[in-house]
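Here's final12.pdb, which has PDB, C-alpha atoms:
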ATOM      1  CA  MET H 277      23.843 -12.204  -9.753
ATOM      2  CA  ASP H 278      25.322  -9.448 -11.905
ATOM      3  CA  LEU H 279      26.235  -6.482  -9.694
ATOM      4  CA  SER H 280      25.568  -4.021 -12.516
ATOM      5  CA  LEU H 281      22.046  -5.406 -12.871
ATOM      6  CA  ILE H 282      21.513  -5.129  -9.120
ATOM      7  CA  ALA H 283      22.639  -1.483  -9.157
ATOM      8  CA  ALA H 284      20.291  -0.754 -12.065
ATOM      9  CA  PHE H 285      17.452  -2.511 -10.252
ATOM     10  CA  VAL H 286      17.982  -0.506  -7.050
ATOM     11  CA  ALA H 287      17.972   2.756  -9.022
ATOM     12  CA  ALA H 288      14.791   1.773 -10.858
ATOM     13  CA  ALA H 289      13.154   0.612  -7.616
ATOM     14  CA  PHE H 290      13.880   3.964  -5.995
ATOM     15  CA  LEU H 291      12.353   5.903  -8.890
ATOM     16  CA  LEU H 292       9.271   3.679  -8.784
ATOM     17  CA  SER H 293       8.990   4.090  -5.014
ATOM     18  CA  VAL H 294       9.041   7.896  -5.047
ATOM     19  CA  ALA H 295       6.502   8.111  -7.878
ATOM     20  CA  PRO H 296       3.018   8.767  -6.424
ATOM     21  CA  GLY H 297       0.707   5.802  -6.801
ATOM     22  CA  PRO H 298      -2.203   3.980  -5.127
ATOM     23  CA  ASP H 299      -0.043   2.596  -2.310
ATOM     24  CA  MET H 300       1.333   6.027  -1.471
ATOM     25  CA  LEU H 301      -2.159   7.524  -1.565
ATOM     26  CA  PHE H 302      -3.319   4.825   0.850
ATOM     27  CA  ILE H 303      -0.467   5.624   3.225
ATOM     28  CA  VAL H 304      -1.087   9.375   3.075
ATOM     29  CA  ALA H 305      -4.837   8.937   3.569
ATOM     30  CA  ASN H 306      -4.326   6.840   6.697
ATOM     31  CA  ALA H 307      -1.514   9.018   8.041
ATOM     32  CA  THR H 308      -3.599  12.159   7.755
ATOM     33  CA  ALA H 309      -6.519  10.401   9.432
ATOM     34  CA  GLY H 310      -4.531   8.635  12.165
ATOM     35  CA  GLY H 311      -1.200  10.397  12.633
ATOM     36  CA  ARG H 312       2.424   9.321  12.336
ATOM     37  CA  ARG H 313       2.004   5.862  13.851
ATOM     38  CA  ALA H 314      -0.809   5.096  11.417
ATOM     39  CA  GLY H 315       1.351   6.259   8.502
ATOM     40  CA  LEU H 316       4.233   4.052   9.603
ATOM     41  CA  VAL H 317       1.990   1.036  10.162
ATOM     42  CA  ALA H 318       0.404   1.518   6.721
ATOM     43  CA  ALA H 319       3.889   1.592   5.174
ATOM     44  CA  LEU H 320       4.825  -1.617   6.999
ATOM     45  CA  GLY H 321       1.613  -3.254   5.788
ATOM     46  CA  MET H 322       2.386  -2.320   2.197
ATOM     47  CA  SER H 323       5.861  -3.850   2.515
ATOM     48  CA  THR H 324       4.335  -7.010   3.968
ATOM     49  CA  GLY H 325       2.138  -7.213   0.890
ATOM     50  CA  LEU H 326       5.223  -6.896  -1.300
ATOM     51  CA  ALA H 327       6.826  -9.739   0.658
ATOM     52  CA  VAL H 328       3.782 -11.901  -0.129
ATOM     53  CA  HIS H 329       4.096 -11.062  -3.830
ATOM     54  CA  THR H 330       7.818 -11.848  -3.724
ATOM     55  CA  LEU H 331       7.196 -15.267  -2.209
ATOM     56  CA  ALA H 332       4.410 -15.921  -4.719
ATOM     57  CA  ALA H 333       6.704 -15.064  -7.623
ATOM     58  CA  ALA H 334       9.491 -17.227  -6.231
ATOM     59  CA  LEU H 335       7.099 -20.153  -5.748
ATOM     60  CA  GLY H 336       5.917 -19.922  -9.339
ATOM     61  CA  LEU H 337       2.457 -18.426  -8.798
ATOM     62  CA  SER H 338       3.269 -15.792 -11.419
ATOM     63  CA  ALA H 339       3.181 -18.627 -13.960
ATOM     64  CA  LEU H 340      -0.368 -19.401 -12.804
ATOM     65  CA  PHE H 341      -1.562 -15.902 -13.647
ATOM     66  CA  ARG H 342       0.071 -16.172 -17.064
ATOM     67  CA  ALA H 343      -1.687 -19.484 -17.728
ATOM     68  CA  ALA H 344      -5.023 -18.429 -16.192
ATOM     69  CA  PRO H 345      -5.696 -14.687 -16.753
ATOM     70  CA  GLU H 346      -9.131 -15.113 -15.162
ATOM     71  CA  ALA H 347      -7.384 -15.623 -11.815
ATOM     72  CA  LEU H 348      -5.900 -12.153 -12.100
ATOM     73  CA  GLU H 349      -9.368 -10.804 -12.912
ATOM     74  CA  VAL H 350     -10.720 -12.319  -9.684
ATOM     75  CA  VAL H 351      -7.935 -10.673  -7.707
ATOM     76  CA  ARG H 352      -8.639  -7.324  -9.386
ATOM     77  CA  LEU H 353     -12.350  -7.408  -8.544
ATOM     78  CA  ALA H 354     -11.657  -8.544  -4.978
ATOM     79  CA  GLY H 355      -9.293  -5.615  -4.547
ATOM     80  CA  ALA H 356     -11.916  -3.175  -5.828
ATOM     81  CA  VAL H 357     -14.536  -4.559  -3.424
ATOM     82  CA  PHE H 358     -12.122  -4.255  -0.504
ATOM     83  CA  LEU H 359     -11.319  -0.629  -1.351
ATOM     84  CA  ILE H 360     -15.049   0.137  -1.499
ATOM     85  CA  TYR H 361     -15.346  -1.341   1.982
ATOM     86  CA  LEU H 362     -12.550   0.964   3.180
ATOM     87  CA  ALA H 363     -14.296   3.951   1.573
ATOM     88  CA  VAL H 364     -17.599   3.143   3.289
ATOM     89  CA  THR H 365     -16.032   2.626   6.718
ATOM     90  CA  SER H 366     -14.012   5.830   6.428
ATOM     91  CA  TRP H 367     -17.076   7.826   5.403
ATOM     92  CA  ARG H 368     -19.046   6.410   8.333
ATOM     93  CA  ALA H 369     -16.192   7.260  10.691
ATOM     94  CA  GLY H 370     -16.265  10.837   9.440
ATOM     95  CA  ARG H 371     -20.041  11.007   9.815
ATOM     96  CA  ASP H 372     -19.921   9.624  13.361
ATOM     97  CA  THR H 373     -17.107  11.899  14.548
ATOM     98  CA  PRO H 374     -18.589  14.482  16.936
ATOM     99  CA  GLY H 375     -18.622  17.965  15.466
ATOM    100  CA  GLY H 376     -17.941  19.898  18.631
ATOM    101  CA  VAL H 377     -16.049  23.145  18.753
ATOM    102  CA  ASP H 378     -12.493  23.020  17.460
ATOM    103  CA  GLN H 379     -11.120  24.295  20.756
ATOM    104  CA  ASP H 380     -12.070  21.073  22.536
ATOM    105  CA  PRO H 381      -8.817  19.043  22.751
ATOM    106  CA  GLU H 382     -10.314  15.972  24.354
ATOM    107  CA  PRO H 383      -8.733  12.953  22.570
ATOM    108  CA  ALA H 384     -11.726  10.733  23.313
ATOM    109  CA  THR H 385     -13.756  12.633  20.736
ATOM    110  CA  ALA H 386     -11.590  11.285  17.899
ATOM    111  CA  PRO H 387     -10.781   7.609  18.329
ATOM    112  CA  ARG H 388      -8.302   6.259  15.817
ATOM    113  CA  ARG H 389      -8.388   3.002  13.922
ATOM    114  CA  PRO H 390      -6.696   0.083  15.724
ATOM    115  CA  LEU H 391      -3.167  -0.204  14.360
ATOM    116  CA  ARG H 392      -3.468  -3.974  13.990
ATOM    117  CA  LYS H 393      -6.525  -3.555  11.782
ATOM    118  CA  LEU H 394      -4.800  -0.835   9.776
ATOM    119  CA  TYR H 395      -1.773  -3.083   9.223
ATOM    120  CA  LEU H 396      -4.010  -5.874   7.927
ATOM    121  CA  MET H 397      -5.915  -3.444   5.701
ATOM    122  CA  ALA H 398      -2.674  -2.149   4.162
ATOM    123  CA  THR H 399      -1.338  -5.654   3.594
ATOM    124  CA  LEU H 400      -4.536  -6.874   1.937
ATOM    125  CA  THR H 401      -4.783  -3.726  -0.185
ATOM    126  CA  ASN H 402      -1.326  -4.365  -1.604
ATOM    127  CA  VAL H 403      -1.837  -8.117  -2.030
ATOM    128  CA  ALA H 404      -5.126  -7.541  -3.896
ATOM    129  CA  ASN H 405      -3.587  -5.003  -6.283
ATOM    130  CA  PRO H 406      -3.104  -6.689  -9.687
ATOM    131  CA  LYS H 407      -0.787  -3.855 -10.711
ATOM    132  CA  VAL H 408       1.761  -5.219  -8.245
ATOM    133  CA  ILE H 409       1.324  -8.729  -9.657
ATOM    134  CA  LEU H 410       1.903  -7.413 -13.167
ATOM    135  CA  PHE H 411       4.916  -5.504 -11.885
ATOM    136  CA  TYR H 412       6.456  -8.723 -10.636
ATOM    137  CA  LEU H 413       5.608 -10.452 -13.912
ATOM    138  CA  ALA H 414       7.021  -7.761 -16.178
ATOM    139  CA  PHE H 415       9.689  -5.931 -14.188
ATOM    140  CA  LEU H 416      11.628  -8.403 -12.072
ATOM    141  CA  PRO H 417      12.447 -10.865 -14.896
ATOM    142  CA  GLN H 418      14.359  -8.104 -16.703
ATOM    143  CA  PHE H 419      17.014  -8.242 -13.965
ATOM    144  CA  LEU H 420      17.453 -12.003 -13.794
ATOM    145  CA  THR H 421      20.839 -13.502 -14.655
ATOM    146  CA  VAL H 422      20.903 -16.679 -16.734
ATOM    147  CA  GLY H 423      23.643 -19.023 -17.804
ATOM    148  CA  ASP H 424      26.384 -20.956 -16.096
ATOM    149  CA  GLY H 425      27.027 -19.925 -12.515
ATOM    150  CA  ALA H 426      23.772 -17.979 -12.198
ATOM    151  CA  TRP H 427      21.761 -18.246  -9.007
ATOM    152  CA  PRO H 428      18.525 -20.262  -9.146
ATOM    153  CA  VAL H 429      15.673 -18.148 -10.482
ATOM    154  CA  TRP H 430      13.669 -18.464  -7.267
ATOM    155  CA  LEU H 431      16.614 -17.166  -5.249
ATOM    156  CA  GLN H 432      17.121 -14.252  -7.618
ATOM    157  CA  LEU H 433      13.437 -13.346  -7.355
ATOM    158  CA  LEU H 434      13.611 -13.454  -3.566
ATOM    159  CA  THR H 435      16.693 -11.241  -3.620
ATOM    160  CA  LEU H 436      15.205  -8.696  -6.009
ATOM    161  CA  GLY H 437      11.942  -8.615  -4.083
ATOM    162  CA  GLY H 438      13.837  -8.092  -0.838
ATOM    163  CA  LEU H 439      15.828  -5.247  -2.364
ATOM    164  CA  PHE H 440      12.637  -3.635  -3.629
ATOM    165  CA  ILE H 441      11.182  -3.725  -0.119
ATOM    166  CA  MET H 442      14.413  -2.354   1.378
ATOM    167  CA  VAL H 443      14.248   0.581  -1.029
ATOM    168  CA  GLY H 444      10.513   1.187  -0.837
ATOM    169  CA  LEU H 445       9.927   0.884   2.898
ATOM    170  CA  PRO H 446      12.083   3.904   3.878
ATOM    171  CA  VAL H 447      10.371   5.984   1.183
ATOM    172  CA  ASP H 448       6.867   4.963   2.270
ATOM    173  CA  SER H 449       7.741   5.389   5.951
ATOM    174  CA  THR H 450       9.057   8.898   5.324
ATOM    175  CA  VAL H 451       5.881   9.815   3.464
ATOM    176  CA  GLY H 452       3.702   8.357   6.225
ATOM    177  CA  LEU H 453       5.623  10.075   9.018
ATOM    178  CA  ALA H 454       5.625  13.418   7.206
ATOM    179  CA  ALA H 455       1.879  13.297   6.502
ATOM    180  CA  GLY H 456       1.197  12.077  10.024
ATOM    181  CA  SER H 457       3.314  14.808  11.636
ATOM    182  CA  LEU H 458       1.207  17.454   9.969
ATOM    183  CA  ALA H 459      -2.006  15.664  10.864
ATOM    184  CA  ASP H 460      -1.019  15.148  14.516
ATOM    185  CA  LYS H 461      -1.118  18.913  15.016
ATOM    186  CA  LEU H 462      -4.677  19.106  13.747
ATOM    187  CA  LEU H 463      -6.353  15.803  14.651
ATOM    188  CA  ARG H 464      -7.523  16.960  18.066
ATOM    189  CA  ARG H 465     -10.013  19.194  16.276
ATOM    190  CA  PRO H 466     -13.094  16.995  15.708
ATOM    191  CA  SER H 467     -14.301  18.967  12.684
ATOM    192  CA  PHE H 468     -10.908  18.640  10.978
ATOM    193  CA  ARG H 469     -10.791  14.914  11.679
ATOM    194  CA  ARG H 470     -14.271  14.531  10.206
ATOM    195  CA  ARG H 471     -13.081  16.185   6.993
ATOM    196  CA  LEU H 472     -10.012  13.943   6.873
ATOM    197  CA  GLU H 473     -12.099  10.796   7.263
ATOM    198  CA  ARG H 474     -14.317  11.881   4.394
ATOM    199  CA  ALA H 475     -11.303  12.781   2.278
ATOM    200  CA  SER H 476      -9.894   9.304   2.979
ATOM    201  CA  ALA H 477     -13.207   7.808   1.878
ATOM    202  CA  VAL H 478     -12.999   9.721  -1.404
ATOM    203  CA  VAL H 479      -9.427   8.486  -1.979
ATOM    204  CA  PHE H 480     -10.376   4.859  -1.305
ATOM    205  CA  GLY H 481     -13.460   5.151  -3.491
ATOM    206  CA  GLY H 482     -11.442   6.654  -6.328
ATOM    207  CA  LEU H 483      -8.873   3.870  -6.103
ATOM    208  CA  ALA H 484     -11.673   1.288  -6.156
ATOM    209  CA  VAL H 485     -13.205   2.788  -9.311
ATOM    210  CA  ARG H 486      -9.800   2.976 -10.989
ATOM    211  CA  LEU H 487      -9.039  -0.630 -10.103
ATOM    212  CA  ALA H 488     -12.460  -1.854 -11.243
ATOM    213  CA  LEU H 489     -12.269  -0.065 -14.614
ATOM    214  CA  ASP H 490      -8.595  -0.750 -15.375
ATOM    215  CA  SER H 491      -7.989  -4.451 -15.803
ATOM    216  CA  ARG H 492      -4.402  -4.030 -16.974
TER     217      ARG H 492
END

As C-alpha coordinates, what does this structure read like?
Amino acid sequence: MDLSLIAAFVAAAFLLSVAPGPDMLFIVANATAGGRRAGLVAALGMSTGLAVHTLAAALGLSALFRAAPEALEVVRLAGAVFLIYLAVTSWRAGRDTPGGVDQDPEPATAPRRPLRKLYLMATLTNVANPKVILFYLAFLPQFLTVGDGAWPVWLQLLTLGGLFIMVGLPVDSTVGLAAGSLADKLLRRPSFRRRLERASAVVFGGLAVRLALDSR
(Lines of atoms letter the chains of each structure in order from A and count residues from 1; the text may use other names and numbers.)
(Lines give C-alpha, C1' and ligand atoms only; values in the text may rest on other atoms or scores of the structure.)
Protein backbone atom coordinates (compact mmCIF):
# COMPACT_ATOMS: atom_id res chain seq x y z
CA MET A 1 0.00 0.00 0.00
CA ASP A 2 1.07 3.59 -0.64
CA LEU A 3 2.40 5.10 2.60
CA SER A 4 1.23 8.57 1.60
CA LEU A 5 -2.31 7.24 1.17
CA ILE A 6 -2.12 5.53 4.56
CA ALA A 7 -1.00 8.78 6.22
CA ALA A 8 -3.85 10.66 4.53
CA PHE A 9 -6.31 7.98 5.62
CA VAL A 10 -5.17 8.13 9.26
CA ALA A 11 -5.53 11.92 9.28
CA ALA A 12 -9.00 11.72 7.76
CA ALA A 13 -10.01 8.93 10.16
CA PHE A 14 -8.97 11.05 13.13
CA LEU A 15 -11.00 14.04 11.94
CA LEU A 16 -14.02 11.80 11.39
CA SER A 17 -13.58 10.21 14.82
CA VAL A 18 -13.51 13.50 16.74
CA ALA A 19 -16.54 14.89 14.89
CA PRO A 20 -19.68 14.39 17.03
CA GLY A 21 -22.04 11.83 15.57
CA PRO A 22 -24.60 9.15 16.52
CA ASP A 23 -21.95 6.74 17.82
CA MET A 24 -20.42 9.38 20.07
CA LEU A 25 -23.86 10.39 21.33
CA PHE A 26 -24.56 6.75 22.17
CA ILE A 27 -21.30 6.49 24.11
CA VAL A 28 -21.92 9.73 26.01
CA ALA A 29 -25.51 8.76 26.82
CA ASN A 30 -24.43 5.43 28.29
CA ALA A 31 -21.40 6.87 30.08
CA THR A 32 -23.48 9.52 31.80
CA ALA A 33 -26.04 6.90 32.79
CA GLY A 34 -23.59 4.18 33.85
CA GLY A 35 -20.22 5.76 34.60
CA ARG A 36 -16.72 5.32 33.20
CA ARG A 37 -16.87 1.55 32.76
CA ALA A 38 -20.10 1.86 30.79
CA GLY A 39 -18.52 4.53 28.58
CA LEU A 40 -15.50 2.35 27.89
CA VAL A 41 -17.61 -0.73 27.18
CA ALA A 42 -19.82 1.28 24.79
CA ALA A 43 -16.69 2.45 22.95
CA LEU A 44 -15.44 -1.14 22.69
CA GLY A 45 -18.84 -2.23 21.35
CA MET A 46 -18.75 0.46 18.69
CA SER A 47 -15.29 -0.69 17.59
CA THR A 48 -16.53 -4.28 17.44
CA GLY A 49 -19.27 -3.09 15.11
CA LEU A 50 -16.65 -1.43 12.92
CA ALA A 51 -14.73 -4.71 12.84
CA VAL A 52 -17.88 -6.45 11.57
CA HIS A 53 -18.27 -3.83 8.83
CA THR A 54 -14.60 -4.21 7.90
CA LEU A 55 -14.94 -7.97 7.52
CA ALA A 56 -18.16 -7.51 5.54
CA ALA A 57 -16.45 -5.10 3.15
CA ALA A 58 -13.46 -7.40 2.75
CA LEU A 59 -15.74 -10.38 2.05
CA GLY A 60 -17.58 -8.47 -0.66
CA LEU A 61 -20.86 -7.78 1.14
CA SER A 62 -20.54 -4.12 0.15
CA ALA A 63 -21.13 -5.27 -3.43
CA LEU A 64 -24.40 -6.84 -2.27
CA PHE A 65 -25.71 -3.52 -0.98
CA ARG A 66 -24.75 -1.88 -4.27
CA ALA A 67 -26.62 -4.54 -6.24
CA ALA A 68 -29.60 -4.72 -3.85
CA PRO A 69 -30.34 -1.29 -2.29
CA GLU A 70 -33.42 -2.77 -0.60
CA ALA A 71 -31.08 -4.74 1.67
CA LEU A 72 -29.65 -1.49 2.97
CA GLU A 73 -33.20 -0.24 3.55
CA VAL A 74 -33.93 -3.30 5.71
CA VAL A 75 -30.81 -2.63 7.76
CA ARG A 76 -31.80 1.03 8.19
CA LEU A 77 -35.28 0.19 9.46
CA ALA A 78 -33.94 -2.53 11.77
CA GLY A 79 -31.51 -0.02 13.25
CA ALA A 80 -34.31 2.48 13.86
CA VAL A 81 -36.44 -0.16 15.60
CA PHE A 82 -33.52 -1.16 17.81
CA LEU A 83 -32.87 2.46 18.83
CA ILE A 84 -36.55 2.85 19.72
CA TYR A 85 -36.20 -0.21 21.94
CA LEU A 86 -33.21 1.42 23.67
CA ALA A 87 -35.21 4.63 24.14
CA VAL A 88 -38.13 2.77 25.72
CA THR A 89 -35.95 0.73 28.08
CA SER A 90 -34.00 3.81 29.15
CA TRP A 91 -37.19 5.76 29.82
CA ARG A 92 -38.58 2.88 31.88
CA ALA A 93 -35.33 2.68 33.83
CA GLY A 94 -35.61 6.37 34.63
CA ARG A 95 -39.25 5.98 35.66
CA ASP A 96 -38.47 3.01 37.91
CA THR A 97 -35.47 4.62 39.61
CA PRO A 98 -36.45 5.49 43.20
CA GLY A 99 -36.74 9.22 43.76
CA GLY A 100 -35.46 9.34 47.30
CA VAL A 101 -33.56 12.23 48.76
CA ASP A 102 -30.31 13.11 47.02
CA GLN A 103 -28.33 12.66 50.22
CA ASP A 104 -28.95 8.91 50.22
CA PRO A 105 -25.73 7.35 48.82
CA GLU A 106 -26.92 3.77 48.84
CA PRO A 107 -25.72 2.23 45.52
CA ALA A 108 -28.54 -0.32 45.50
CA THR A 109 -31.00 2.42 44.64
CA ALA A 110 -29.42 2.90 41.21
CA PRO A 111 -28.57 -0.39 39.54
CA ARG A 112 -26.62 -0.05 36.33
CA ARG A 113 -27.08 -1.89 33.07
CA PRO A 114 -25.10 -5.15 32.80
CA LEU A 115 -21.89 -4.39 30.93
CA ARG A 116 -22.28 -7.46 28.73
CA LYS A 117 -25.70 -6.26 27.59
CA LEU A 118 -24.37 -2.76 27.01
CA TYR A 119 -21.51 -4.13 24.89
CA LEU A 120 -23.97 -6.07 22.74
CA MET A 121 -26.25 -3.03 22.43
CA ALA A 122 -23.35 -0.85 21.26
CA THR A 123 -22.16 -3.44 18.76
CA LEU A 124 -25.63 -3.94 17.27
CA THR A 125 -26.25 -0.19 17.14
CA ASN A 126 -23.13 0.29 15.05
CA VAL A 127 -23.73 -2.75 12.84
CA ALA A 128 -27.31 -1.62 12.11
CA ASN A 129 -26.23 1.91 11.16
CA PRO A 130 -26.41 2.23 7.34
CA LYS A 131 -24.31 5.39 7.56
CA VAL A 132 -21.35 3.21 8.51
CA ILE A 133 -22.07 0.87 5.59
CA LEU A 134 -22.16 3.83 3.22
CA PHE A 135 -18.94 5.09 4.78
CA TYR A 136 -17.22 1.84 3.92
CA LEU A 137 -18.68 1.94 0.41
CA ALA A 138 -17.70 5.52 -0.34
CA PHE A 139 -14.69 6.33 1.83
CA LEU A 140 -12.41 3.32 2.02
CA PRO A 141 -12.15 2.71 -1.76
CA GLN A 142 -10.60 6.17 -2.17
CA PHE A 143 -7.47 4.90 -0.38
CA LEU A 144 -7.04 1.63 -2.24
CA THR A 145 -3.88 1.09 -4.30
CA VAL A 146 -4.23 -0.57 -7.69
CA GLY A 147 -1.76 -1.79 -10.25
CA ASP A 148 1.24 -4.06 -10.26
CA GLY A 149 2.55 -4.93 -6.82
CA ALA A 150 -0.57 -3.72 -5.02
CA TRP A 151 -1.94 -5.75 -2.14
CA PRO A 152 -5.16 -7.70 -2.76
CA VAL A 153 -8.20 -5.48 -2.32
CA TRP A 154 -9.56 -7.56 0.55
CA LEU A 155 -6.28 -7.20 2.43
CA GLN A 156 -6.21 -3.45 1.85
CA LEU A 157 -9.77 -3.15 3.15
CA LEU A 158 -8.89 -5.14 6.25
CA THR A 159 -5.86 -2.93 6.84
CA LEU A 160 -7.75 0.32 6.38
CA GLY A 161 -10.59 -0.88 8.58
CA GLY A 162 -8.12 -1.90 11.27
CA LEU A 163 -6.43 1.49 11.12
CA PHE A 164 -9.79 3.22 11.41
CA ILE A 165 -10.56 1.24 14.56
CA MET A 166 -7.09 1.95 15.99
CA VAL A 167 -7.69 5.67 15.50
CA GLY A 168 -11.32 5.75 16.59
CA LEU A 169 -11.19 3.55 19.68
CA PRO A 170 -8.87 5.84 21.70
CA VAL A 171 -11.04 8.83 20.78
CA ASP A 172 -14.29 7.08 21.75
CA SER A 173 -12.73 5.66 24.92
CA THR A 174 -11.53 9.11 25.99
CA VAL A 175 -15.00 10.55 25.42
CA GLY A 176 -16.63 7.70 27.35
CA LEU A 177 -14.20 7.94 30.27
CA ALA A 178 -14.52 11.72 30.46
CA ALA A 179 -18.33 11.63 30.42
CA GLY A 180 -18.34 8.74 32.87
CA SER A 181 -15.94 10.46 35.29
CA LEU A 182 -18.31 13.38 35.59
CA ALA A 183 -21.31 11.10 35.96
CA ASP A 184 -19.65 8.90 38.60
CA LYS A 185 -19.63 11.86 40.97
CA LEU A 186 -23.36 12.34 40.59
CA LEU A 187 -24.86 8.90 39.93
CA ARG A 188 -25.36 8.06 43.59
CA ARG A 189 -28.12 10.65 43.65
CA PRO A 190 -31.27 8.77 42.55
CA SER A 191 -33.02 11.88 41.22
CA PHE A 192 -30.01 12.78 39.05
CA ARG A 193 -29.78 9.24 37.71
CA ARG A 194 -33.48 9.34 36.84
CA ARG A 195 -32.91 12.49 34.80
CA LEU A 196 -29.93 10.91 33.03
CA GLU A 197 -31.93 7.82 32.09
CA ARG A 198 -34.64 10.00 30.60
CA ALA A 199 -32.08 12.12 28.78
CA SER A 200 -30.58 8.91 27.35
CA ALA A 201 -34.05 7.88 26.20
CA VAL A 202 -34.46 11.20 24.39
CA VAL A 203 -31.07 10.76 22.68
CA PHE A 204 -31.90 7.23 21.54
CA GLY A 205 -35.33 8.30 20.36
CA GLY A 206 -33.88 11.21 18.41
CA LEU A 207 -31.33 8.94 16.75
CA ALA A 208 -34.11 6.50 15.84
CA VAL A 209 -36.20 9.24 14.21
CA ARG A 210 -33.17 10.57 12.33
CA LEU A 211 -32.28 7.09 11.09
CA ALA A 212 -35.86 6.31 10.07
CA LEU A 213 -36.30 9.57 8.12
CA ASP A 214 -32.84 9.70 6.52
CA SER A 215 -32.35 6.80 4.16
CA ARG A 216 -29.05 8.08 2.79

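In terms of minimum interatomic distance to Thr365 in chain H, H:Arg474 ranks closest within H:Met300, H:Arg474, H:Ala343, H:Leu396, counting only C-alpha atoms.
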
Calculate how many Å separate CA of Thr399 in chain H from CA of Gly444 in chain H, rounding to one decimal.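 Taking CA of Thr399 in chain H and CA of Gly444 in chain H, their separation equals 14.4 Å.
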
Å distance separating CA of Leu416 in chain H from CA of Leu400 in chain H, one decimal place: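 We find that CA of Leu416 in chain H and CA of Leu400 in chain H lie 21.4 Å from each other.
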
When the PyMOL selection byres ((chain H and resi 457) around 12) is applied to the file above, which residues end up in the set, as JSON, numbers by chain? {"H": [304, 307, 308, 309, 310, 311, 312, 313, 314, 315, 316, 449, 450, 451, 452, 453, 454, 455, 456, 458, 459, 460, 461, 462, 463]}

By how many Å are CA of Leu433 in chain H and CA of Thr330 in chain H apart? 6.9 Å

Among the residues H:Thr324, H:Asn402, H:Gln418, H:Ser293, the one that comes closest to Gln432 in chain H [using all atoms listed in the file]: H:Gln418

Contacts of Phe285 in chain H within 10 Å, all atoms listed in the file, excl. fewer than 6 positions in-chain, as a PDB file with C-alpha atoms, in the frame of the given file:
ATOM      1  CA  LEU H 279      26.235  -6.482  -9.694  1.00  0.00           C
ATOM      2  CA  LEU H 291      12.353   5.903  -8.890  1.00  0.00           C
ATOM      3  CA  PHE H 415       9.689  -5.931 -14.188  1.00  0.00           C
ATOM      4  CA  LEU H 416      11.628  -8.403 -12.072  1.00  0.00           C
ATOM      5  CA  GLN H 418      14.359  -8.104 -16.703  1.00  0.00           C
ATOM      6  CA  PHE H 419      17.014  -8.242 -13.965  1.00  0.00           C
ATOM      7  CA  LEU H 436      15.205  -8.696  -6.009  1.00  0.00           C
ATOM      8  CA  LEU H 439      15.828  -5.247  -2.364  1.00  0.00           C
ATOM      9  CA  PHE H 440      12.637  -3.635  -3.629  1.00  0.00           C
TER      10      PHE H 440
END

Find the residues around Val443 in chain H up to 9 Å (all atoms listed in the file counted), leave out those fewer than 6 positions away in its own chain, and share them as a ChimeraX atom specification. /H:286,289-290,293

Go through the shown structure with the PyMOL selection byres ((chain H and resi 301) around 12) and write out the matching residues as a VMD selection string. chain H and resid 294 to 300 302 to 308 315 318 to 319 322 398 401 to 402 448 451 to 452 455 475 to 483

Fewer than 3 positions away in the same chain doesn't count, so skip those; otherwise give me all residues within 10 Å of His329 in chain H, counting only C-alpha atoms, as a ChimeraX atom specification. /H:323-326,332-335,337-338,402-404,408-409,411-412,434,437

Can you list, as JSON, numbers by chain, the residues that the PyMOL selection byres ((chain H and resi 277) around 8) selects here? {"H": [278, 279, 281, 282, 420, 421, 426, 427, 432]}

Just checking: using only C-alpha atoms, which residue out of H:Ala356, H:Ala284, H:Ala327, H:Leu292 ends up closest to Ala488 in chain H? H:Ala356

Closest of H:Gly423, H:Leu320, H:Val429, H:Arg470 to Pro446 in chain H - atom-to-atom distances counting all atoms listed in the file: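 Under the stated criterion, the closest residue is H:Leu320.
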
First collect every listed atom of range 318-334 of chain H; then fit an axis-aligned box around them, widen it by 4 Å on each side, and give centre and edge lengths in Å to one decimal, as JSON.
{"center_x": 4.9, "center_y": -7.8, "center_z": -0.3, "size_x": 17.1, "size_y": 26.8, "size_z": 22.6}
